[in-house]
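S.K.: Structure file structure_37.pdb (PDB, C-alpha atoms) right here:
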```pdb
ATOM      1  CA  MET A   1      50.291  44.279-243.180
ATOM      2  CA  LEU A   2      48.597  47.024-241.178
ATOM      3  CA  ALA A   3      51.017  46.412-238.358
ATOM      4  CA  LEU A   4      53.930  46.899-240.742
ATOM      5  CA  LEU A   5      52.411  50.175-241.947
ATOM      6  CA  PHE A   6      51.908  51.267-238.358
ATOM      7  CA  ILE A   7      55.520  50.495-237.509
ATOM      8  CA  LEU A   8      56.701  52.378-240.595
ATOM      9  CA  PHE A   9      54.715  55.528-239.901
ATOM     10  CA  ALA A  10      55.244  55.420-236.143
ATOM     11  CA  GLY A  11      58.980  55.085-236.665
ATOM     12  CA  LEU A  12      58.907  57.956-239.113
ATOM     13  CA  ALA A  13      56.952  60.098-236.640
ATOM     14  CA  ILE A  14      59.288  59.324-233.734
ATOM     15  CA  GLY A  15      62.392  59.871-235.839
ATOM     16  CA  CYS A  16      61.179  63.191-237.175
ATOM     17  CA  GLY A  17      60.046  64.177-233.669
ATOM     18  CA  LEU A  18      63.510  63.476-232.299
ATOM     19  CA  ALA A  19      64.967  65.488-235.161
ATOM     20  CA  VAL A  20      62.738  68.443-234.232
ATOM     21  CA  VAL A  21      64.360  68.526-230.807
ATOM     22  CA  ALA A  22      67.870  67.604-231.905
ATOM     23  CA  GLN A  23      68.308  70.075-234.754
ATOM     24  CA  ARG A  24      69.937  73.397-233.925
ATOM     25  CA  ASN A  25      68.752  75.205-237.025
ATOM     26  CA  PRO A  26      65.043  76.082-236.578
ATOM     27  CA  LEU A  27      64.405  75.627-240.289
ATOM     28  CA  TYR A  28      65.500  71.974-240.149
ATOM     29  CA  SER A  29      63.306  71.555-237.071
ATOM     30  CA  ALA A  30      60.356  72.923-239.026
ATOM     31  CA  ILE A  31      60.938  70.528-241.918
ATOM     32  CA  SER A  32      61.198  67.593-239.493
ATOM     33  CA  LEU A  33      57.948  68.732-237.898
ATOM     34  CA  ILE A  34      56.285  68.613-241.305
ATOM     35  CA  GLY A  35      57.480  64.996-241.513
ATOM     36  CA  VAL A  36      55.783  64.282-238.181
ATOM     37  CA  PHE A  37      52.553  65.851-239.430
ATOM     38  CA  ILE A  38      52.563  63.841-242.658
ATOM     39  CA  SER A  39      53.192  60.529-240.911
ATOM     40  CA  LEU A  40      50.457  61.318-238.385
ATOM     41  CA  ALA A  41      48.107  62.022-241.286
ATOM     42  CA  CYS A  42      48.922  58.558-242.667
ATOM     43  CA  LEU A  43      48.134  57.074-239.242
ATOM     44  CA  TYR A  44      44.795  58.924-239.252
ATOM     45  CA  VAL A  45      43.968  57.305-242.583
ATOM     46  CA  MET A  46      44.769  53.923-241.051
ATOM     47  CA  LEU A  47      42.396  54.798-238.194
ATOM     48  CA  ALA A  48      39.556  55.399-240.689
ATOM     49  CA  ALA A  49      39.567  59.187-240.269
ATOM     50  CA  PRO A  50      40.106  60.502-243.799
ATOM     51  CA  PHE A  51      38.646  63.937-243.090
ATOM     52  CA  ILE A  52      40.944  64.540-240.142
ATOM     53  CA  ALA A  53      43.883  63.320-242.212
ATOM     54  CA  ALA A  54      43.085  65.792-244.970
ATOM     55  CA  VAL A  55      42.652  68.643-242.489
ATOM     56  CA  GLN A  56      45.916  67.645-240.821
ATOM     57  CA  VAL A  57      47.795  68.008-244.091
ATOM     58  CA  ILE A  58      46.012  71.183-245.166
ATOM     59  CA  VAL A  59      45.914  73.104-241.881
ATOM     60  CA  TYR A  60      48.985  71.834-240.046
ATOM     61  CA  ALA A  61      51.466  70.911-242.738
ATOM     62  CA  GLY A  62      50.090  73.601-245.011
ATOM     63  CA  ALA A  63      48.974  76.707-243.188
ATOM     64  CA  ILE A  64      50.623  76.612-239.772
ATOM     65  CA  MET A  65      54.013  75.365-240.911
ATOM     66  CA  VAL A  66      54.113  77.817-243.797
ATOM     67  CA  LEU A  67      53.499  80.556-241.229
ATOM     68  CA  VAL A  68      56.291  79.231-239.011
ATOM     69  CA  VAL A  69      58.758  78.879-241.877
ATOM     70  CA  PHE A  70      57.809  82.364-243.061
ATOM     71  CA  VAL A  71      58.561  83.830-239.643
ATOM     72  CA  ILE A  72      61.850  81.912-239.406
ATOM     73  CA  MET A  73      62.975  83.300-242.743
ATOM     74  CA  LEU A  74      61.624  86.777-241.960
ATOM     75  CA  LEU A  75      63.548  87.029-238.709
ATOM     76  CA  ASN A  76      66.684  85.442-240.187
ATOM     77  CA  VAL A  77      67.249  83.370-237.079
ATOM     78  CA  GLU A  78      70.819  82.405-236.396
ATOM     79  CA  GLN A  79      71.687  78.929-235.216
ATOM     80  CA  GLU A  80      71.509  78.239-231.526
ATOM     81  CA  GLU A  81      74.807  78.725-229.815
ATOM     82  CA  ARG A  82      76.130  75.808-227.876
ATOM     83  CA  GLY A  83      76.724  75.759-224.147
ATOM     84  CA  ARG A  84      75.481  79.171-223.121
ATOM     85  CA  ALA A  85      72.571  77.996-221.032
ATOM     86  CA  ARG A  86      71.972  79.835-217.814
ATOM     87  CA  LEU A  87      69.887  77.013-216.413
ATOM     88  CA  LYS A  88      72.282  74.109-216.678
ATOM     89  CA  PHE A  89      70.101  71.668-214.782
ATOM     90  CA  LEU A  90      67.394  71.757-217.437
ATOM     91  CA  VAL A  91      68.815  69.121-219.777
ATOM     92  CA  PRO A  92      69.311  66.435-217.096
ATOM     93  CA  THR A  93      65.859  67.268-215.736
ATOM     94  CA  ALA A  94      64.303  66.851-219.166
ATOM     95  CA  VAL A  95      66.098  63.556-219.797
ATOM     96  CA  ALA A  96      65.075  62.200-216.395
ATOM     97  CA  LEU A  97      61.453  63.243-216.810
ATOM     98  CA  SER A  98      61.211  61.727-220.264
ATOM     99  CA  ALA A  99      62.812  58.508-219.015
ATOM    100  CA  VAL A 100      60.139  58.327-216.323
ATOM    101  CA  LEU A 101      57.379  58.893-218.893
ATOM    102  CA  ILE A 102      58.745  56.268-221.277
ATOM    103  CA  ALA A 103      59.035  53.821-218.376
ATOM    104  CA  GLU A 104      55.398  54.452-217.511
ATOM    105  CA  VAL A 105      54.373  53.759-221.090
ATOM    106  CA  ALA A 106      56.374  50.532-221.135
ATOM    107  CA  PHE A 107      54.830  49.478-217.835
ATOM    108  CA  ILE A 108      51.321  50.095-219.150
ATOM    109  CA  LEU A 109      52.037  48.252-222.377
ATOM    110  CA  VAL A 110      53.368  45.228-220.509
ATOM    111  CA  THR A 111      50.919  44.933-217.643
ATOM    112  CA  VAL A 112      47.558  46.356-218.665
ATOM    113  CA  GLN A 113      45.093  44.019-220.306
ATOM    114  CA  GLU A 114      44.677  44.695-223.984
ATOM    115  CA  PHE A 115      41.511  46.566-224.814
ATOM    116  CA  ARG A 116      39.408  44.245-226.962
ATOM    117  CA  VAL A 117      37.497  45.820-229.775
ATOM    118  CA  ASN A 118      34.654  43.905-231.276
ATOM    119  CA  PRO A 119      35.415  44.092-234.969
ATOM    120  CA  SER A 120      32.378  45.524-236.643
ATOM    121  CA  SER A 121      32.001  43.981-240.040
ATOM    122  CA  ALA A 122      29.595  46.632-241.288
ATOM    123  CA  PRO A 123      31.374  49.725-242.601
ATOM    124  CA  SER A 124      30.691  52.620-240.278
ATOM    125  CA  ASN A 125      30.356  56.235-241.284
ATOM    126  CA  VAL A 126      32.414  57.513-238.354
ATOM    127  CA  GLY A 127      35.149  59.760-239.660
ATOM    128  CA  LEU A 128      33.520  60.653-242.926
ATOM    129  CA  THR A 129      32.933  64.305-243.670
ATOM    130  CA  HIS A 130      29.185  63.821-243.597
ATOM    131  CA  SER A 131      28.989  62.514-240.042
ATOM    132  CA  ILE A 132      31.516  65.052-238.747
ATOM    133  CA  GLY A 133      29.609  67.939-240.321
ATOM    134  CA  ALA A 134      26.257  66.701-239.074
ATOM    135  CA  GLN A 135      27.507  66.433-235.496
ATOM    136  CA  LEU A 136      29.417  69.705-235.673
ATOM    137  CA  PHE A 137      26.374  71.741-236.632
ATOM    138  CA  THR A 138      23.845  70.029-234.374
ATOM    139  CA  ARG A 139      25.133  68.589-231.153
ATOM    140  CA  TYR A 140      28.406  70.475-230.950
ATOM    141  CA  LEU A 141      27.218  73.834-232.208
ATOM    142  CA  LEU A 142      28.270  75.704-229.054
ATOM    143  CA  PRO A 143      31.935  74.629-229.221
ATOM    144  CA  PHE A 144      31.878  75.531-232.886
ATOM    145  CA  GLU A 145      30.654  79.069-232.149
ATOM    146  CA  ILE A 146      33.116  79.503-229.293
ATOM    147  CA  THR A 147      35.892  78.438-231.644
ATOM    148  CA  SER A 148      34.839  81.038-234.170
ATOM    149  CA  ILE A 149      34.957  83.744-231.480
ATOM    150  CA  LEU A 150      38.433  82.503-230.569
ATOM    151  CA  LEU A 151      39.520  82.817-234.186
ATOM    152  CA  LEU A 152      38.210  86.380-234.326
ATOM    153  CA  MET A 153      40.166  87.218-231.175
ATOM    154  CA  ALA A 154      43.262  85.646-232.707
ATOM    155  CA  ILE A 155      42.926  87.766-235.842
ATOM    156  CA  VAL A 156      42.598  91.000-233.870
ATOM    157  CA  GLY A 157      45.361  90.018-231.462
ATOM    158  CA  ALA A 158      47.805  89.075-234.192
ATOM    159  CA  MET A 159      47.199  92.344-236.017
ATOM    160  CA  THR A 160      47.620  94.367-232.841
ATOM    161  CA  LEU A 161      50.827  92.588-231.905
ATOM    162  CA  ALA A 162      52.503  92.510-235.268
ATOM    163  CA  ARG A 163      52.030  96.085-236.379
ATOM    164  CA  ARG A 164      54.960  98.366-235.902
ATOM    165  CA  GLY A 165      54.509 100.941-233.146
ATOM    166  CA  GLY A 166      51.244 102.290-234.389
ATOM    167  CA  LEU A 167      49.640 103.115-237.646
ATOM    168  CA  LEU A 168      49.993 106.869-237.123
ATOM    169  CA  SER A 169      52.681 108.934-235.489
ATOM    170  CA  PRO A 170      51.623 110.710-232.256
ATOM    171  CA  ASN A 171      51.526 114.045-234.053
ATOM    172  CA  ALA A 172      49.508 112.852-236.984
ATOM    173  CA  ARG A 173      45.786 113.322-237.240
ATOM    174  CA  ILE A 174      43.343 112.246-239.846
ATOM    175  CA  VAL A 175      41.951 115.165-241.799
ATOM    176  CA  PRO A 176      38.792 114.646-243.820
ATOM    177  CA  GLY A 177      39.469 115.075-247.478
ATOM    178  CA  ALA A 178      43.173 114.993-246.919
ATOM    179  CA  GLN A 179      45.506 114.509-249.788
ATOM    180  CA  VAL A 180      48.014 111.678-249.856
ATOM    181  CA  LEU A 181      51.436 112.821-250.974
ATOM    182  CA  PRO A 182      54.682 110.940-251.316
ATOM    183  CA  LEU A 183      57.296 111.969-248.785
ATOM    184  CA  SER A 184      59.653 113.180-251.506
ATOM    185  CA  MET A 185      57.188 115.902-252.429
ATOM    186  CA  VAL A 186      57.173 117.386-248.917
ATOM    187  CA  ASP A 187      60.673 116.822-247.657
ATOM    188  CA  PRO A 188      63.421 118.404-249.749
ATOM    189  CA  ASN A 189      66.001 116.268-247.942
ATOM    190  CA  ALA A 190      64.271 112.986-248.736
ATOM    191  CA  GLU A 191      65.407 110.661-251.425
ATOM    192  CA  PRO A 192      63.566 111.247-254.688
ATOM    193  CA  ASP A 193      62.213 107.709-254.672
ATOM    194  CA  ASP A 194      60.935 107.861-251.089
ATOM    195  CA  LEU A 195      57.273 107.172-251.657
ATOM    196  CA  ARG A 196      56.013 106.873-248.095
ATOM    197  CA  PRO A 197      52.533 108.392-248.132
ATOM    198  CA  VAL A 198      51.768 111.491-246.096
ATOM    199  CA  ALA A 199      48.194 112.478-245.394
ATOM    200  CA  ALA A 200      47.740 116.233-245.125
ATOM    201  CA  ASN A 201      45.882 119.121-246.659
ATOM    202  CA  THR A 202      48.928 121.222-247.412
ATOM    203  CA  SER A 203      52.624 120.608-247.751
ATOM    204  CA  GLU A 204      53.309 122.695-244.654
ATOM    205  CA  GLU A 205      50.937 120.624-242.614
ATOM    206  CA  ALA A 206      52.493 117.420-243.886
ATOM    207  CA  ALA A 207      55.945 118.745-243.039
ATOM    208  CA  ARG A 208      54.756 119.615-239.538
ATOM    209  CA  THR A 209      53.225 116.164-239.178
ATOM    210  CA  LEU A 210      56.467 114.510-240.138
ATOM    211  CA  GLY A 211      58.587 116.849-238.077
ATOM    212  CA  ILE A 212      60.537 118.088-241.098
ATOM    213  CA  THR A 213      62.083 121.529-241.225
ATOM    214  CA  LYS A 214      62.355 123.108-244.606
ATOM    215  CA  ARG A 215      65.818 123.757-245.932
ATOM    216  CA  ASP A 216      66.463 127.288-246.990
TER     217      ASP A 216
ATOM    218  CA  MET B   1      48.232  41.390-236.907
ATOM    219  CA  GLU B   2      46.136  44.476-236.511
ATOM    220  CA  PRO B   3      47.518  47.536-234.704
ATOM    221  CA  GLN B   4      46.030  47.655-231.221
ATOM    222  CA  LEU B   5      44.738  50.687-229.379
ATOM    223  CA  SER B   6      47.642  50.545-226.941
ATOM    224  CA  TRP B   7      50.130  50.919-229.794
ATOM    225  CA  TYR B   8      48.614  54.224-230.766
ATOM    226  CA  LEU B   9      48.496  55.364-227.154
ATOM    227  CA  ALA B  10      52.144  54.440-226.688
ATOM    228  CA  LEU B  11      53.141  56.318-229.832
ATOM    229  CA  SER B  12      51.166  59.318-228.627
ATOM    230  CA  ALA B  13      52.871  59.227-225.229
ATOM    231  CA  ILE B  14      56.302  59.001-226.855
ATOM    232  CA  LEU B  15      55.595  61.966-229.140
ATOM    233  CA  PHE B  16      54.243  63.968-226.201
ATOM    234  CA  THR B  17      57.364  63.164-224.202
ATOM    235  CA  ILE B  18      59.577  64.328-227.054
ATOM    236  CA  GLY B  19      57.597  67.555-227.164
ATOM    237  CA  VAL B  20      57.909  68.148-223.419
ATOM    238  CA  THR B  21      61.631  67.469-223.572
ATOM    239  CA  GLY B  22      61.995  69.941-226.405
ATOM    240  CA  VAL B  23      60.094  72.662-224.563
ATOM    241  CA  ILE B  24      62.343  72.171-221.539
ATOM    242  CA  ILE B  25      65.721  72.083-223.261
ATOM    243  CA  LYS B  26      65.197  74.419-226.218
ATOM    244  CA  ARG B  27      66.035  78.097-225.882
ATOM    245  CA  ASN B  28      64.948  79.369-229.266
ATOM    246  CA  VAL B  29      61.347  80.476-228.867
ATOM    247  CA  ILE B  30      60.351  79.297-232.354
ATOM    248  CA  ALA B  31      61.746  75.836-231.623
ATOM    249  CA  MET B  32      59.776  75.757-228.360
ATOM    250  CA  PHE B  33      56.704  76.764-230.319
ATOM    251  CA  MET B  34      57.197  73.840-232.697
ATOM    252  CA  CYS B  35      57.597  71.454-229.767
ATOM    253  CA  ILE B  36      54.250  72.670-228.429
ATOM    254  CA  GLU B  37      52.725  71.852-231.815
ATOM    255  CA  LEU B  38      54.253  68.375-231.509
ATOM    256  CA  MET B  39      52.542  67.907-228.138
ATOM    257  CA  LEU B  40      49.193  69.040-229.559
ATOM    258  CA  ASN B  41      49.559  66.486-232.342
ATOM    259  CA  ALA B  42      50.305  63.717-229.879
ATOM    260  CA  VAL B  43      47.059  64.501-228.068
ATOM    261  CA  ASN B  44      45.221  64.578-231.398
ATOM    262  CA  LEU B  45      46.488  61.095-232.159
ATOM    263  CA  THR B  46      45.005  59.872-228.881
ATOM    264  CA  PHE B  47      41.659  61.464-229.713
ATOM    265  CA  VAL B  48      41.515  59.921-233.180
ATOM    266  CA  ALA B  49      42.601  56.504-231.905
ATOM    267  CA  PHE B  50      39.854  56.450-229.282
ATOM    268  CA  ALA B  51      37.293  57.753-231.753
ATOM    269  CA  SER B  52      38.186  54.990-234.165
ATOM    270  CA  PHE B  53      38.252  52.166-231.625
ATOM    271  CA  PHE B  54      35.035  53.212-229.877
ATOM    272  CA  GLN B  55      33.270  54.079-233.145
ATOM    273  CA  ASP B  56      32.369  57.525-231.835
ATOM    274  CA  VAL B  57      32.736  60.689-233.885
ATOM    275  CA  THR B  58      33.143  62.981-230.846
ATOM    276  CA  GLY B  59      36.888  62.456-230.648
ATOM    277  CA  GLN B  60      37.369  63.551-234.227
ATOM    278  CA  LEU B  61      35.307  66.675-233.588
ATOM    279  CA  PHE B  62      37.576  67.521-230.713
ATOM    280  CA  VAL B  63      40.578  67.048-232.969
ATOM    281  CA  PHE B  64      39.000  69.516-235.365
ATOM    282  CA  ILE B  65      38.580  72.078-232.586
ATOM    283  CA  VAL B  66      42.107  71.470-231.301
ATOM    284  CA  MET B  67      43.427  72.179-234.795
ATOM    285  CA  THR B  68      41.515  75.467-234.868
ATOM    286  CA  VAL B  69      42.920  76.450-231.498
ATOM    287  CA  ALA B  70      46.394  75.522-232.727
ATOM    288  CA  ALA B  71      45.953  77.762-235.757
ATOM    289  CA  ALA B  72      44.848  80.659-233.541
ATOM    290  CA  GLU B  73      47.775  79.968-231.234
ATOM    291  CA  ALA B  74      50.146  79.998-234.195
ATOM    292  CA  ALA B  75      48.869  83.387-235.365
ATOM    293  CA  VAL B  76      49.065  85.050-231.944
ATOM    294  CA  GLY B  77      52.259  83.275-230.911
ATOM    295  CA  LEU B  78      54.142  84.236-234.042
ATOM    296  CA  GLY B  79      52.899  87.821-233.627
ATOM    297  CA  ILE B  80      54.356  87.855-230.123
ATOM    298  CA  ILE B  81      57.594  86.335-231.410
ATOM    299  CA  ILE B  82      57.906  89.065-234.041
ATOM    300  CA  ALA B  83      57.209  91.770-231.426
ATOM    301  CA  ILE B  84      59.836  90.304-229.074
ATOM    302  CA  PHE B  85      62.383  90.045-231.866
ATOM    303  CA  ARG B  86      61.800  93.661-232.854
ATOM    304  CA  ASN B  87      62.510  94.926-229.362
ATOM    305  CA  ARG B  88      65.312  92.577-228.338
ATOM    306  CA  GLU B  89      66.944  91.444-231.595
ATOM    307  CA  SER B  90      67.038  87.957-230.129
ATOM    308  CA  LEU B  91      64.824  84.897-229.907
ATOM    309  CA  ASP B  92      66.455  83.502-226.779
ATOM    310  CA  VAL B  93      63.830  82.935-224.102
ATOM    311  CA  ASP B  94      66.407  83.434-221.346
ATOM    312  CA  GLU B  95      66.809  87.026-222.449
ATOM    313  CA  ALA B  96      63.070  87.642-222.649
ATOM    314  CA  SER B  97      62.376  86.900-219.011
ATOM    315  CA  ILE B  98      60.614  90.194-218.350
ATOM    316  CA  LEU B  99      56.967  90.107-219.357
ATOM    317  CA  LYS B 100      57.208  93.314-221.328
ATOM    318  CA  LEU B 101      57.370  93.526-225.068
TER     319      LEU B 101
END
```
Show me, as structure tokens, the structure contained in the file I just sent.

M.R.:
Amino acid sequence: MLALLFILFAGLAIGCGLAVVAQRNPLYSAISLIGVFISLACLYVMLAAPFIAAVQVIVYAGAIMVLVVFVIMLLNVEQEERGRARLKFLVPTAVALSAVLIAEVAFILVTVQEFRVNPSSAPSNVGLTHSIGAQLFTRYLLPFEITSILLLMAIVGAMTLARRGGLLSPNARIVPGAQVLPLSMVDPNAEPDDLRPVAANTSEEAARTLGITKRD
Amino acid sequence: MEPQLSWYLALSAILFTIGVTGVIIKRNVIAMFMCIELMLNAVNLTFVAFASFFQDVTGQLFVFIVMTVAAAEAAVGLGIIIAIFRNRESLDVDEASILKL
């Protein structure tokens, strides 16, 4: 029964994984990747790791893939064009390397002695949230803290990379007590509904900041 | 018949191989990014399989940390992808061969 479930979910994972590589539209690749994540979460449940399975669905299939799909739709990625590769030897190289790896796996499966697990009849608490939390905050506290520093760096890095040019133009300066005006109030040429904020004390200063010459 | 440890290891190796193949042959940087995620998941499967068969919680903790690193990588990587797309109007890695945004 468990073997049948394993074969089902493993087949699903391999099929979706192949679809990730085979699809030309990145959005279809992303959806196939979500299939891989879900089937791996089912395998984690079979391996008595319910917490990891839940985190897999929430973090991977939820957060990360939503981010990826969001970026795909934001950038409006076109489909990959066919046959424009500059490095033509890459595909045969990849196929050969993967054939070698699969052959290694088959060799190991055939020749190596099966690892015998003594079936423990008593239900263990490995994989439950309680044991994971207890270990995470006692024995593995240092990796936990290092990971939090890494997350902080990722936040700052992502904000620095994703912002457009800079928050202020090179001419702009922050004036204490400055007034925020919509652009349409300073620039007579601007559209009436242009509501980009301008920080300045006077209209002249705002116009100078924006590099606008008055029309008269 | 119970699933053996070697089954899980074989599945993990196959998924990892698919990921490596995708990174090599794909040219869209988002698709390469997703193949890297596939490789990370293959390694996670190995960790969880060993943790379950050895009755040791350490492997699952490492999976937890790998997931955190993957989330950080996703945030920074997608930021870089957006910056590249803004400057080049393309997601082809062959055209982004100069390490300058």

S.K.: One number please: atom CA of B:Glu37 to atom CA of A:Leu109, in Å, one decimal.

M.R.: 25.4 Å

S.K.: Have a look at A:Tyr44, A:Phe137, A:Phe89, A:Phe51 and name the one nearest to B:Ile24; count all atoms listed in the file.

M.R.: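 Counting all atoms listed in the file, the residue closest to B:Ile24 is A:Phe89.
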
S.K.: Can you check which residues of chain B have any atom within 6 Å of chain A? Use only C-alpha atoms and format it as a list in words.

M.R.: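 Contact residues on the first chain: Met1, Glu2, Pro3, Thr17, Thr21, Gly22, Ile25, Ala31, Ser52, Val57, Ala72, Ala75, Val76 and Gly79 of chain B.
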
S.K.: Restricting the calculation to only C-alpha atoms, which member of B:Cys35, B:Phe16, B:Asn28, B:Ser6 is positioned closest to B:Glu95?

M.R.: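 The closest residue to B:Glu95 is B:Asn28.
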
S.K.: To test your reading of the syntax: which residues would the PyMOL selection byres ((chain B and resi 82-91) around 6) return for the file shown? Reply as number ranges by chain.

M.R.: B: 28-29, 79-81, 92, 101

S.K.: What does the file look like for those residues with C-alpha atoms, as a PDB file, in the coordinates of the input?

M.R.:
```
ATOM      1  CA  ASN B  28      64.948  79.369-229.266  1.00  0.00           C
ATOM      2  CA  VAL B  29      61.347  80.476-228.867  1.00  0.00           C
ATOM      3  CA  GLY B  79      52.899  87.821-233.627  1.00  0.00           C
ATOM      4  CA  ILE B  80      54.356  87.855-230.123  1.00  0.00           C
ATOM      5  CA  ILE B  81      57.594  86.335-231.410  1.00  0.00           C
ATOM      6  CA  ASP B  92      66.455  83.502-226.779  1.00  0.00           C
ATOM      7  CA  LEU B 101      57.370  93.526-225.068  1.00  0.00           C
TER       8      LEU B 101
END
```

S.K.: Could you tell me which of B:Phe64, B:Arg27, B:Val20, B:Ala13 comes closest to B:Val43 if we count all atoms listed in the file?

M.R.: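 That would be B:Ala13, the residue with the smallest distance to B:Val43.
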
S.K.: Tell me which protein, DNA and RNA residues are within 10 Å of B:Phe50, counting all atoms listed in the file, leaving out same-chain ones fewer than 2 positions away, and put them as a compact mmCIF listing (two decimals) with C-alpha atoms, keeping the file's coordinate frame.

M.R.:
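Now in part_14.txt:
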```
# COMPACT_ATOMS: atom_id res chain seq x y z
CA LEU A 47 42.40 54.80 -238.19
CA LEU B 5 44.74 50.69 -229.38
CA TYR B 8 48.61 54.22 -230.77
CA LEU B 9 48.50 55.36 -227.15
CA ASN B 44 45.22 64.58 -231.40
CA LEU B 45 46.49 61.10 -232.16
CA THR B 46 45.00 59.87 -228.88
CA PHE B 47 41.66 61.46 -229.71
CA VAL B 48 41.52 59.92 -233.18
CA SER B 52 38.19 54.99 -234.16
CA PHE B 53 38.25 52.17 -231.62
CA PHE B 54 35.03 53.21 -229.88
CA GLN B 55 33.27 54.08 -233.14
CA ASP B 56 32.37 57.52 -231.84
CA VAL B 57 32.74 60.69 -233.88
CA THR B 58 33.14 62.98 -230.85
CA GLY B 59 36.89 62.46 -230.65
CA GLN B 60 37.37 63.55 -234.23
```

S.K.: Quick one, how far is atom CA of B:Val66 from atom CA of B:Met39?

M.R.: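 Atom CA of B:Val66 sits 11.5 Å away from atom CA of B:Met39.
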
S.K.: With distances taken over all atoms listed in the file, which of B:Ile65, B:Lys26, B:Gly19, B:Ala10 is nearest to B:Asp94?

M.R.: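 Between B:Ile65, B:Lys26, B:Gly19, B:Ala10, the residue approaching B:Asp94 most closely is B:Lys26.
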
S.K.: Tell me, in Å to one decimal, how far atom CA of B:Asn41 is from atom CA of B:Leu11.

M.R.: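 Pair atom CA of B:Asn41 / atom CA of B:Leu11 returns 11.1 Å.
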
S.K.: Generate N, CA and C atoms for stretch 14-26 of chain B and emit them as a PDB file, in the frame of the given file.

M.R.:
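Writing the result to rebuild06.pdb gives the following:
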```
ATOM      1  N   ILE B  14      54.895  58.752-226.496  1.00  0.00           N
ATOM      2  CA  ILE B  14      56.302  59.001-226.855  1.00  0.00           C
ATOM      3  C   ILE B  14      56.433  60.364-227.537  1.00  0.00           C
ATOM      4  N   LEU B  15      55.523  60.668-228.457  1.00  0.00           N
ATOM      5  CA  LEU B  15      55.595  61.966-229.140  1.00  0.00           C
ATOM      6  C   LEU B  15      55.404  63.108-228.141  1.00  0.00           C
ATOM      7  N   PHE B  16      54.478  62.922-227.200  1.00  0.00           N
ATOM      8  CA  PHE B  16      54.243  63.968-226.201  1.00  0.00           C
ATOM      9  C   PHE B  16      55.494  64.174-225.362  1.00  0.00           C
ATOM     10  N   THR B  17      56.146  63.060-225.005  1.00  0.00           N
ATOM     11  CA  THR B  17      57.364  63.164-224.202  1.00  0.00           C
ATOM     12  C   THR B  17      58.457  63.915-224.958  1.00  0.00           C
ATOM     13  N   ILE B  18      58.577  63.612-226.250  1.00  0.00           N
ATOM     14  CA  ILE B  18      59.577  64.328-227.054  1.00  0.00           C
ATOM     15  C   ILE B  18      59.268  65.823-227.057  1.00  0.00           C
ATOM     16  N   GLY B  19      57.971  66.146-227.168  1.00  0.00           N
ATOM     17  CA  GLY B  19      57.597  67.555-227.164  1.00  0.00           C
ATOM     18  C   GLY B  19      57.922  68.236-225.849  1.00  0.00           C
ATOM     19  N   VAL B  20      57.612  67.560-224.729  1.00  0.00           N
ATOM     20  CA  VAL B  20      57.909  68.148-223.419  1.00  0.00           C
ATOM     21  C   VAL B  20      59.404  68.354-223.262  1.00  0.00           C
ATOM     22  N   THR B  21      60.177  67.344-223.661  1.00  0.00           N
ATOM     23  CA  THR B  21      61.631  67.469-223.572  1.00  0.00           C
ATOM     24  C   THR B  21      62.129  68.657-224.377  1.00  0.00           C
ATOM     25  N   GLY B  22      61.568  68.821-225.578  1.00  0.00           N
ATOM     26  CA  GLY B  22      61.995  69.941-226.405  1.00  0.00           C
ATOM     27  C   GLY B  22      61.659  71.274-225.776  1.00  0.00           C
ATOM     28  N   VAL B  23      60.461  71.386-225.195  1.00  0.00           N
ATOM     29  CA  VAL B  23      60.094  72.662-224.563  1.00  0.00           C
ATOM     30  C   VAL B  23      61.037  72.970-223.418  1.00  0.00           C
ATOM     31  N   ILE B  24      61.478  71.911-222.695  1.00  0.00           N
ATOM     32  CA  ILE B  24      62.343  72.171-221.539  1.00  0.00           C
ATOM     33  C   ILE B  24      63.744  72.557-221.993  1.00  0.00           C
ATOM     34  N   ILE B  25      64.300  71.864-222.978  1.00  0.00           N
ATOM     35  CA  ILE B  25      65.721  72.083-223.261  1.00  0.00           C
ATOM     36  C   ILE B  25      65.954  73.112-224.350  1.00  0.00           C
ATOM     37  N   LYS B  26      64.945  73.464-225.138  1.00  0.00           N
ATOM     38  CA  LYS B  26      65.197  74.419-226.218  1.00  0.00           C
ATOM     39  C   LYS B  26      65.230  75.834-225.659  1.00  0.00           C
TER      40      LYS B  26
END
```
